[in-house]
Amino acid sequence: MTESNRDDIALETLFAAGRSERPLPSGEFLERVAASADAGAAGPRPAPAARPVLRLALLGRVFAASGLSGAAALGAWIGFVMPEAIDPLTLGSDDTVALATFLPGTDIEAILDE
Amino acid sequence: MEDNAALVAPRADEVPDSALLVAFSNGDAQAGRQLVARLGPMLFGYAARVLGDHGDAEDVVQETMLRLWKMAPDWRQGEAKVTTWAYRVTMNLCTDRLRQRQARPQVALNAVAEPTADLASAVELMTARQRSEMLDAALSVLPDRQRQAVVLRHLEGFSNPEIAEIMDIGVEAVESLTARGKRALKKALYGRREELGFEDDRKQP
C-alpha cells in the first residue's frame with residue numbers, strides 16, 4: 001500500500017471520528033430557538049407594550065383631547081339642530097351673533113327660516 | 001455516537017421539511033419546533049466545525065432560524081430543499097463572522113505519547129475523541145472556502161451537486177475545493193507530526 005493511500009485512510013478515519021464526535025448544541029439553546037418559532041408562528045410581532053406610567057399618561061391625553069373635541073362637537077350639533085334650546089341658556093336675546101360664533105360660515109337666516 | 005448520525009439522516013416516514021415550513025407559516029408553532037429539532041443540531045454541528053467556536057455557532061444558527069421564520073410565508077414547495085437553503089444561510093453567516101474575525105483560533109493538540117511510523121499508525125492509536133480534536137486542529141488552518149467544502153462533503157455528508165447548490169458554485173469547483181482541502185489537511189497534519197508523534201517517511205521527489 002502506498003504512503004498516499006495510507007494517508008487517505010488516516011484522513012478517512014479522522015472524518016469518521018469527526019462525524020461520530022459531532023459538536024452538539026445544548027438543550028437550553030435549542031429551547032431558546034424553539035421559543036422563537038412560537039413567537040414567529042403567532043404572526044407579525046406586536047409593538048412592545050408601553051410602560052404602565054407612560055400608558056396612564058397617554059390615556060390622560062386621550063381623555064383630554066376627546067373631552068374637548070367631544071364637547072365642541074356636541075355644542076355645535078345642539079346649536080345646529082336646536083338653536084332655540086341654547087338661546088335662553090347662553091346667548092341672551094341676540095342668537096344670530098352667537099350662532100355665527102359657533103358655526104362660522106353658516107347661513108343663519110336660512111336655518112332660522114326653516 | 002449513533003444518536004448524532006440519527007440527527008442528520010432523514011427518515012422516510014417524516015413529514016418533509018417544506019411541509020413543516022408551510023404549516024409554520026400558517027401559524028403552526030409546533031411545526032416550527034419540529035424544524036428546530038431537525039435543523040438546529042445539523043446547522044450547529046456544521047457552524048461549530050467551521051467557526052471553531054460554540055458561542056459563535058449558536059449566534060449563527062439562531063440568526064438562520066429567524067431568517068427561516070421570516071421567509072416562511074414566501075416559501076414555494078419544490079423549488080429548493082429547506083436544508084439546502086438553511087445551510088447556505090448558515091454558511092454565509094459563518095463567512096461573515098470569519099471575515100470580521102480575521103483569524104480563526106487554531107486548535108491546540110495534546111501530544112500523542114507513542115511515536116509511530118506514519119500518520120495512519122498514529123491515527124490508529126488514538127481514541128475517537130483524539131481523532132476528532134486532531135481533525136479540528138487540522139481544519140482550523142484551512143482557507144475558509146476549502147474548510148466549508150470539506151466539512152460539507154466529509155462531515156455533513158452532502159453530495160457534490162448539493163454542495164454546489166449550497167455554495168452557489170459549479171460542481172467542478174466543489175471537487176477542486178474538496179481535493180485541495182484534503183491535501184491541505186494532510187499538509188497540516190504532517191506539519192504537526194512532532195506533536196502527533198509520527199515520522200515523515202514520504203519519499204522526497
# chains A, B, ... in the order shown; residues from 1 in each chain; ligands from 1
>>> closest_atom_pairs(of="chain A", to="chain B", cutoff="10 Å", atoms="only C-alpha atoms", output="Markdown table")
| residue | atom | partner | partner_atom | distance |
| --- | --- | --- | --- | --- |
| A:Thr2 | CA | B:Arg202 | CA | 9.6 |
| A:Glu3 | CA | B:Arg202 | CA | 6.7 |
| A:Ser4 | CA | B:Arg202 | CA | 8.6 |
| A:Asn5 | CA | B:Ala120 | CA | 9.5 |
| A:Arg6 | CA | B:Ala120 | CA | 5.9 |
| A:Asp7 | CA | B:Ala120 | CA | 6.0 |
| A:Asp8 | CA | B:Ala120 | CA | 8.4 |
| A:Ile9 | CA | B:Ala120 | CA | 6.8 |
| A:Ala10 | CA | B:Ala120 | CA | 4.5 |
| A:Leu11 | CA | B:Lys186 | CA | 7.5 |
| A:Glu12 | CA | B:His154 | CA | 8.4 |
| A:Thr13 | CA | B:Val123 | CA | 7.4 |
| A:Leu14 | CA | B:Arg131 | CA | 5.4 |
| A:Phe15 | CA | B:His154 | CA | 6.2 |
| A:Ala16 | CA | B:Leu155 | CA | 7.7 |
| A:Ala17 | CA | B:Ala128 | CA | 5.2 |
| A:Gly18 | CA | B:Ser132 | CA | 4.8 |
| A:Arg19 | CA | B:Leu155 | CA | 5.3 |
| A:Ser20 | CA | B:Met1 | CA | 5.3 |
| A:Glu21 | CA | B:Ser132 | CA | 6.3 |
| A:Arg22 | CA | B:Gly45 | CA | 6.0 |
| A:Pro23 | CA | B:Gly45 | CA | 4.9 |
| A:Leu24 | CA | B:Gly45 | CA | 6.0 |
| A:Pro25 | CA | B:Pro41 | CA | 6.0 |
| A:Ser26 | CA | B:Pro41 | CA | 9.1 |
| A:Gly27 | CA | B:Pro41 | CA | 9.9 |
| A:Phe29 | CA | B:Glu58 | CA | 7.4 |
| A:Leu30 | CA | B:Gly40 | CA | 6.8 |
| A:Glu31 | CA | B:Val36 | CA | 8.7 |
| A:Arg32 | CA | B:Gln62 | CA | 8.6 |
| A:Val33 | CA | B:Gln62 | CA | 6.1 |
| A:Ala34 | CA | B:Arg33 | CA | 5.1 |
| A:Ala35 | CA | B:Arg33 | CA | 8.0 |
| A:Ser36 | CA | B:Leu66 | CA | 7.2 |
| A:Ala37 | CA | B:Gly32 | CA | 5.1 |
| A:Asp38 | CA | B:Ala29 | CA | 4.9 |
| A:Ala39 | CA | B:Ala29 | CA | 7.9 |
| A:Gly40 | CA | B:Trp69 | CA | 6.0 |
| A:Ala41 | CA | B:Gly27 | CA | 4.5 |
| A:Ala42 | CA | B:Gly27 | CA | 5.9 |
| A:Gly43 | CA | B:Gly27 | CA | 7.0 |
| A:Pro44 | CA | B:Lys70 | CA | 9.5 |
>>> atom_distance(atom1="CA of Ser140 (chain B)", atom2="CA of Asn160 (chain B)")
22.0 Å
>>> select_by_dssp(residues="region 32-144 of chain B", states="helix (DSSP H, G or I)", output="MDAnalysis selection string")
chainID B and resid 32:51 54:74 82:101 119:124 128:139 144
>>> write_last_selection(atoms="C-alpha atoms", output="short mmCIF file (atom, residue, chain, number, x, y, z; two decimals), in the first residue's frame")
data_model
loop_
_atom_site.label_atom_id
_atom_site.label_comp_id
_atom_site.auth_asym_id
_atom_site.auth_seq_id
_atom_site.Cartn_x
_atom_site.Cartn_y
_atom_site.Cartn_z
CA GLY B 32 -41.66 25.32 13.72
CA ARG B 33 -40.44 23.46 16.79
CA GLN B 34 -40.04 20.30 14.73
CA LEU B 35 -37.92 22.23 12.24
CA VAL B 36 -35.76 23.48 15.09
CA ALA B 37 -35.32 19.92 16.35
CA ARG B 38 -34.27 18.77 12.87
CA LEU B 39 -32.21 21.68 11.60
CA GLY B 40 -30.80 23.08 14.84
CA PRO B 41 -28.33 20.26 15.64
CA MET B 42 -27.29 19.89 11.98
CA LEU B 43 -26.59 23.57 11.48
CA PHE B 44 -24.92 23.89 14.86
CA GLY B 45 -22.56 20.97 14.14
CA TYR B 46 -21.60 22.50 10.83
CA ALA B 47 -21.15 26.05 12.16
CA ALA B 48 -19.17 24.86 15.18
CA ARG B 49 -16.77 22.97 12.93
CA VAL B 50 -16.37 25.85 10.50
CA LEU B 51 -16.09 28.58 13.15
CA HIS B 54 -19.66 27.14 20.01
CA GLY B 55 -20.88 30.59 21.07
CA ASP B 56 -20.48 31.97 17.57
CA ALA B 57 -22.12 28.83 16.19
CA GLU B 58 -25.17 29.43 18.40
CA ASP B 59 -25.48 33.02 17.18
CA VAL B 60 -25.27 31.93 13.55
CA VAL B 61 -27.84 29.15 13.94
CA GLN B 62 -30.27 31.41 15.77
CA GLU B 63 -29.99 34.03 13.05
CA THR B 64 -30.52 31.36 10.39
CA MET B 65 -33.73 30.17 12.05
CA LEU B 66 -35.02 33.72 12.47
CA ARG B 67 -34.48 34.26 8.75
CA LEU B 68 -36.28 30.99 8.07
CA TRP B 69 -39.32 32.15 10.05
CA LYS B 70 -39.29 35.45 8.19
CA MET B 71 -39.00 33.76 4.81
CA ALA B 72 -41.61 31.05 5.55
CA PRO B 73 -44.67 32.84 4.05
CA ASP B 74 -42.84 33.18 0.72
CA VAL B 82 -35.17 23.63 3.20
CA THR B 83 -31.91 22.06 4.40
CA THR B 84 -30.03 23.41 1.38
CA TRP B 85 -31.45 26.87 1.97
CA ALA B 86 -30.62 26.72 5.69
CA TYR B 87 -27.06 25.51 5.14
CA ARG B 88 -26.50 28.24 2.57
CA VAL B 89 -27.64 30.94 5.01
CA THR B 90 -25.57 29.43 7.80
CA MET B 91 -22.53 29.18 5.55
CA ASN B 92 -22.84 32.82 4.51
CA LEU B 93 -23.24 33.93 8.11
CA CYS B 94 -20.16 31.88 9.02
CA THR B 95 -18.23 33.54 6.19
CA ASP B 96 -19.23 36.98 7.52
CA ARG B 97 -18.08 36.01 11.01
CA LEU B 98 -14.77 34.71 9.75
CA ARG B 99 -14.16 37.93 7.81
CA GLN B 100 -14.91 40.05 10.86
CA ARG B 101 -12.69 37.92 13.00
CA LEU B 119 0.25 9.22 10.06
CA ALA B 120 -2.09 6.24 9.67
CA SER B 121 -0.37 4.41 12.52
CA ALA B 122 -0.61 7.49 14.74
CA VAL B 123 -4.32 7.80 13.98
CA GLU B 124 -4.90 4.11 14.73
CA ALA B 128 -12.32 8.81 18.67
CA ARG B 129 -12.18 11.99 20.73
CA GLN B 130 -8.49 12.48 20.00
CA ARG B 131 -9.10 11.92 16.31
CA SER B 132 -11.89 14.46 16.28
CA GLU B 133 -9.68 17.01 18.07
CA MET B 134 -6.89 16.30 15.63
CA LEU B 135 -9.27 16.87 12.74
CA ASP B 136 -10.46 20.17 14.25
CA ALA B 137 -6.86 21.27 14.64
CA ALA B 138 -6.08 20.49 11.02
CA LEU B 139 -9.32 22.08 9.78
CA ASP B 144 -12.36 29.27 4.70
#
>>> atom_distance(atom1="CA of Glu79 (chain B)", atom2="CA of Asp17 (chain B)")
12.7 Å
>>> atom_distance(atom1="CA of Glu199 (chain B)", atom2="CA of Arg180 (chain B)")
23.0 Å
>>> closest_residue(among="B:Arg145, B:Ala19, B:Arg193, B:Ala179", to="Met167 (chain B)", atoms="only C-alpha atoms")
B:Arg145
>>> closest_residue(among="B:Glu14, B:Gly191, B:Pro143, B:Glu165", to="Leu177 (chain B)", atoms="only C-alpha atoms")
B:Pro143
>>> decode(residues="region 55-179 of chain B", atoms="C-alpha atoms", output="PDB file, in the first residue's frame")
ATOM      1  CA  GLY B  55     -20.878  30.586  21.074  1.00  0.00           C
ATOM      2  CA  ASP B  56     -20.475  31.966  17.569  1.00  0.00           C
ATOM      3  CA  ALA B  57     -22.120  28.831  16.185  1.00  0.00           C
ATOM      4  CA  GLU B  58     -25.174  29.432  18.400  1.00  0.00           C
ATOM      5  CA  ASP B  59     -25.476  33.018  17.177  1.00  0.00           C
ATOM      6  CA  VAL B  60     -25.271  31.934  13.554  1.00  0.00           C
ATOM      7  CA  VAL B  61     -27.843  29.151  13.937  1.00  0.00           C
ATOM      8  CA  GLN B  62     -30.267  31.410  15.772  1.00  0.00           C
ATOM      9  CA  GLU B  63     -29.992  34.030  13.055  1.00  0.00           C
ATOM     10  CA  THR B  64     -30.525  31.357  10.393  1.00  0.00           C
ATOM     11  CA  MET B  65     -33.728  30.171  12.048  1.00  0.00           C
ATOM     12  CA  LEU B  66     -35.021  33.722  12.474  1.00  0.00           C
ATOM     13  CA  ARG B  67     -34.478  34.259   8.748  1.00  0.00           C
ATOM     14  CA  LEU B  68     -36.275  30.993   8.066  1.00  0.00           C
ATOM     15  CA  TRP B  69     -39.324  32.149  10.052  1.00  0.00           C
ATOM     16  CA  LYS B  70     -39.293  35.448   8.188  1.00  0.00           C
ATOM     17  CA  MET B  71     -39.004  33.761   4.807  1.00  0.00           C
ATOM     18  CA  ALA B  72     -41.614  31.045   5.551  1.00  0.00           C
ATOM     19  CA  PRO B  73     -44.665  32.843   4.054  1.00  0.00           C
ATOM     20  CA  ASP B  74     -42.837  33.178   0.720  1.00  0.00           C
ATOM     21  CA  TRP B  75     -41.602  29.565   0.597  1.00  0.00           C
ATOM     22  CA  ARG B  76     -42.573  27.714  -2.548  1.00  0.00           C
ATOM     23  CA  GLN B  77     -42.595  23.943  -2.235  1.00  0.00           C
ATOM     24  CA  GLY B  78     -40.487  22.112  -4.765  1.00  0.00           C
ATOM     25  CA  GLU B  79     -38.162  24.997  -5.602  1.00  0.00           C
ATOM     26  CA  ALA B  80     -35.400  24.086  -3.171  1.00  0.00           C
ATOM     27  CA  LYS B  81     -34.779  21.925  -0.135  1.00  0.00           C
ATOM     28  CA  VAL B  82     -35.167  23.635   3.201  1.00  0.00           C
ATOM     29  CA  THR B  83     -31.911  22.058   4.405  1.00  0.00           C
ATOM     30  CA  THR B  84     -30.029  23.407   1.376  1.00  0.00           C
ATOM     31  CA  TRP B  85     -31.445  26.870   1.966  1.00  0.00           C
ATOM     32  CA  ALA B  86     -30.620  26.718   5.686  1.00  0.00           C
ATOM     33  CA  TYR B  87     -27.065  25.508   5.136  1.00  0.00           C
ATOM     34  CA  ARG B  88     -26.495  28.243   2.566  1.00  0.00           C
ATOM     35  CA  VAL B  89     -27.639  30.935   5.006  1.00  0.00           C
ATOM     36  CA  THR B  90     -25.568  29.429   7.805  1.00  0.00           C
ATOM     37  CA  MET B  91     -22.530  29.177   5.549  1.00  0.00           C
ATOM     38  CA  ASN B  92     -22.835  32.823   4.507  1.00  0.00           C
ATOM     39  CA  LEU B  93     -23.244  33.934   8.106  1.00  0.00           C
ATOM     40  CA  CYS B  94     -20.162  31.877   9.020  1.00  0.00           C
ATOM     41  CA  THR B  95     -18.231  33.544   6.195  1.00  0.00           C
ATOM     42  CA  ASP B  96     -19.229  36.976   7.517  1.00  0.00           C
ATOM     43  CA  ARG B  97     -18.082  36.006  11.005  1.00  0.00           C
ATOM     44  CA  LEU B  98     -14.774  34.705   9.745  1.00  0.00           C
ATOM     45  CA  ARG B  99     -14.164  37.929   7.807  1.00  0.00           C
ATOM     46  CA  GLN B 100     -14.913  40.055  10.858  1.00  0.00           C
ATOM     47  CA  ARG B 101     -12.688  37.918  12.996  1.00  0.00           C
ATOM     48  CA  GLN B 102      -9.789  37.952  10.519  1.00  0.00           C
ATOM     49  CA  ALA B 103      -8.084  34.943  12.073  1.00  0.00           C
ATOM     50  CA  ARG B 104      -9.706  31.706  13.184  1.00  0.00           C
ATOM     51  CA  PRO B 105      -8.379  30.449  16.520  1.00  0.00           C
ATOM     52  CA  GLN B 106      -6.105  27.499  15.982  1.00  0.00           C
ATOM     53  CA  VAL B 107      -6.861  24.421  17.998  1.00  0.00           C
ATOM     54  CA  ALA B 108      -4.134  23.150  20.285  1.00  0.00           C
ATOM     55  CA  LEU B 109      -3.295  19.459  20.318  1.00  0.00           C
ATOM     56  CA  ASN B 110      -2.287  17.179  23.112  1.00  0.00           C
ATOM     57  CA  ALA B 111       0.872  15.359  22.188  1.00  0.00           C
ATOM     58  CA  VAL B 112       0.482  11.659  21.488  1.00  0.00           C
ATOM     59  CA  ALA B 113       2.643   9.544  23.739  1.00  0.00           C
ATOM     60  CA  GLU B 114       3.870   6.740  21.497  1.00  0.00           C
ATOM     61  CA  PRO B 115       5.882   7.685  18.391  1.00  0.00           C
ATOM     62  CA  THR B 116       4.727   5.779  15.309  1.00  0.00           C
ATOM     63  CA  ALA B 117       5.951   5.087  11.802  1.00  0.00           C
ATOM     64  CA  ASP B 118       3.434   7.146   9.863  1.00  0.00           C
ATOM     65  CA  LEU B 119       0.248   9.218  10.057  1.00  0.00           C
ATOM     66  CA  ALA B 120      -2.086   6.244   9.669  1.00  0.00           C
ATOM     67  CA  SER B 121      -0.369   4.414  12.523  1.00  0.00           C
ATOM     68  CA  ALA B 122      -0.612   7.491  14.739  1.00  0.00           C
ATOM     69  CA  VAL B 123      -4.319   7.799  13.975  1.00  0.00           C
ATOM     70  CA  GLU B 124      -4.900   4.115  14.726  1.00  0.00           C
ATOM     71  CA  LEU B 125      -3.609   4.597  18.253  1.00  0.00           C
ATOM     72  CA  MET B 126      -5.958   7.463  19.024  1.00  0.00           C
ATOM     73  CA  THR B 127      -9.368   7.444  20.642  1.00  0.00           C
ATOM     74  CA  ALA B 128     -12.321   8.810  18.667  1.00  0.00           C
ATOM     75  CA  ARG B 129     -12.180  11.987  20.733  1.00  0.00           C
ATOM     76  CA  GLN B 130      -8.487  12.480  20.000  1.00  0.00           C
ATOM     77  CA  ARG B 131      -9.101  11.915  16.315  1.00  0.00           C
ATOM     78  CA  SER B 132     -11.891  14.463  16.283  1.00  0.00           C
ATOM     79  CA  GLU B 133      -9.683  17.005  18.068  1.00  0.00           C
ATOM     80  CA  MET B 134      -6.891  16.299  15.629  1.00  0.00           C
ATOM     81  CA  LEU B 135      -9.270  16.875  12.743  1.00  0.00           C
ATOM     82  CA  ASP B 136     -10.465  20.171  14.245  1.00  0.00           C
ATOM     83  CA  ALA B 137      -6.863  21.273  14.639  1.00  0.00           C
ATOM     84  CA  ALA B 138      -6.080  20.491  11.020  1.00  0.00           C
ATOM     85  CA  LEU B 139      -9.319  22.085   9.781  1.00  0.00           C
ATOM     86  CA  SER B 140      -8.509  25.279  11.648  1.00  0.00           C
ATOM     87  CA  VAL B 141      -5.620  26.131   9.322  1.00  0.00           C
ATOM     88  CA  LEU B 142      -7.506  25.586   6.058  1.00  0.00           C
ATOM     89  CA  PRO B 143      -8.678  28.539   3.940  1.00  0.00           C
ATOM     90  CA  ASP B 144     -12.358  29.268   4.697  1.00  0.00           C
ATOM     91  CA  ARG B 145     -13.856  28.007   1.428  1.00  0.00           C
ATOM     92  CA  GLN B 146     -11.840  24.799   1.493  1.00  0.00           C
ATOM     93  CA  ARG B 147     -12.828  24.161   5.094  1.00  0.00           C
ATOM     94  CA  GLN B 148     -16.511  24.752   4.313  1.00  0.00           C
ATOM     95  CA  ALA B 149     -16.407  22.407   1.326  1.00  0.00           C
ATOM     96  CA  VAL B 150     -14.549  19.679   3.213  1.00  0.00           C
ATOM     97  CA  VAL B 151     -16.907  19.873   6.183  1.00  0.00           C
ATOM     98  CA  LEU B 152     -19.978  19.750   3.924  1.00  0.00           C
ATOM     99  CA  ARG B 153     -18.611  16.794   1.955  1.00  0.00           C
ATOM    100  CA  HIS B 154     -16.898  14.637   4.546  1.00  0.00           C
ATOM    101  CA  LEU B 155     -18.613  15.550   7.827  1.00  0.00           C
ATOM    102  CA  GLU B 156     -22.110  16.643   6.816  1.00  0.00           C
ATOM    103  CA  GLY B 157     -22.359  14.020   4.061  1.00  0.00           C
ATOM    104  CA  PHE B 158     -23.648  16.204   1.215  1.00  0.00           C
ATOM    105  CA  SER B 159     -23.095  15.197  -2.398  1.00  0.00           C
ATOM    106  CA  ASN B 160     -21.036  17.441  -4.659  1.00  0.00           C
ATOM    107  CA  PRO B 161     -24.113  18.768  -6.548  1.00  0.00           C
ATOM    108  CA  GLU B 162     -25.767  19.604  -3.215  1.00  0.00           C
ATOM    109  CA  ILE B 163     -22.627  21.410  -2.047  1.00  0.00           C
ATOM    110  CA  ALA B 164     -22.535  23.270  -5.353  1.00  0.00           C
ATOM    111  CA  GLU B 165     -26.069  24.496  -4.656  1.00  0.00           C
ATOM    112  CA  ILE B 166     -25.266  25.469  -1.065  1.00  0.00           C
ATOM    113  CA  MET B 167     -22.060  27.273  -2.011  1.00  0.00           C
ATOM    114  CA  ASP B 168     -23.538  28.679  -5.219  1.00  0.00           C
ATOM    115  CA  ILE B 169     -20.661  27.408  -7.360  1.00  0.00           C
ATOM    116  CA  GLY B 170     -20.225  24.707 -10.001  1.00  0.00           C
ATOM    117  CA  VAL B 171     -19.717  21.033  -9.242  1.00  0.00           C
ATOM    118  CA  GLU B 172     -16.182  21.134 -10.644  1.00  0.00           C
ATOM    119  CA  ALA B 173     -15.324  23.984  -8.318  1.00  0.00           C
ATOM    120  CA  VAL B 174     -16.603  21.885  -5.420  1.00  0.00           C
ATOM    121  CA  GLU B 175     -14.422  18.950  -6.480  1.00  0.00           C
ATOM    122  CA  SER B 176     -11.441  21.264  -6.710  1.00  0.00           C
ATOM    123  CA  LEU B 177     -12.108  22.800  -3.285  1.00  0.00           C
ATOM    124  CA  THR B 178     -12.511  19.435  -1.542  1.00  0.00           C
ATOM    125  CA  ALA B 179      -9.422  17.969  -3.252  1.00  0.00           C
TER     126      ALA B 179
END
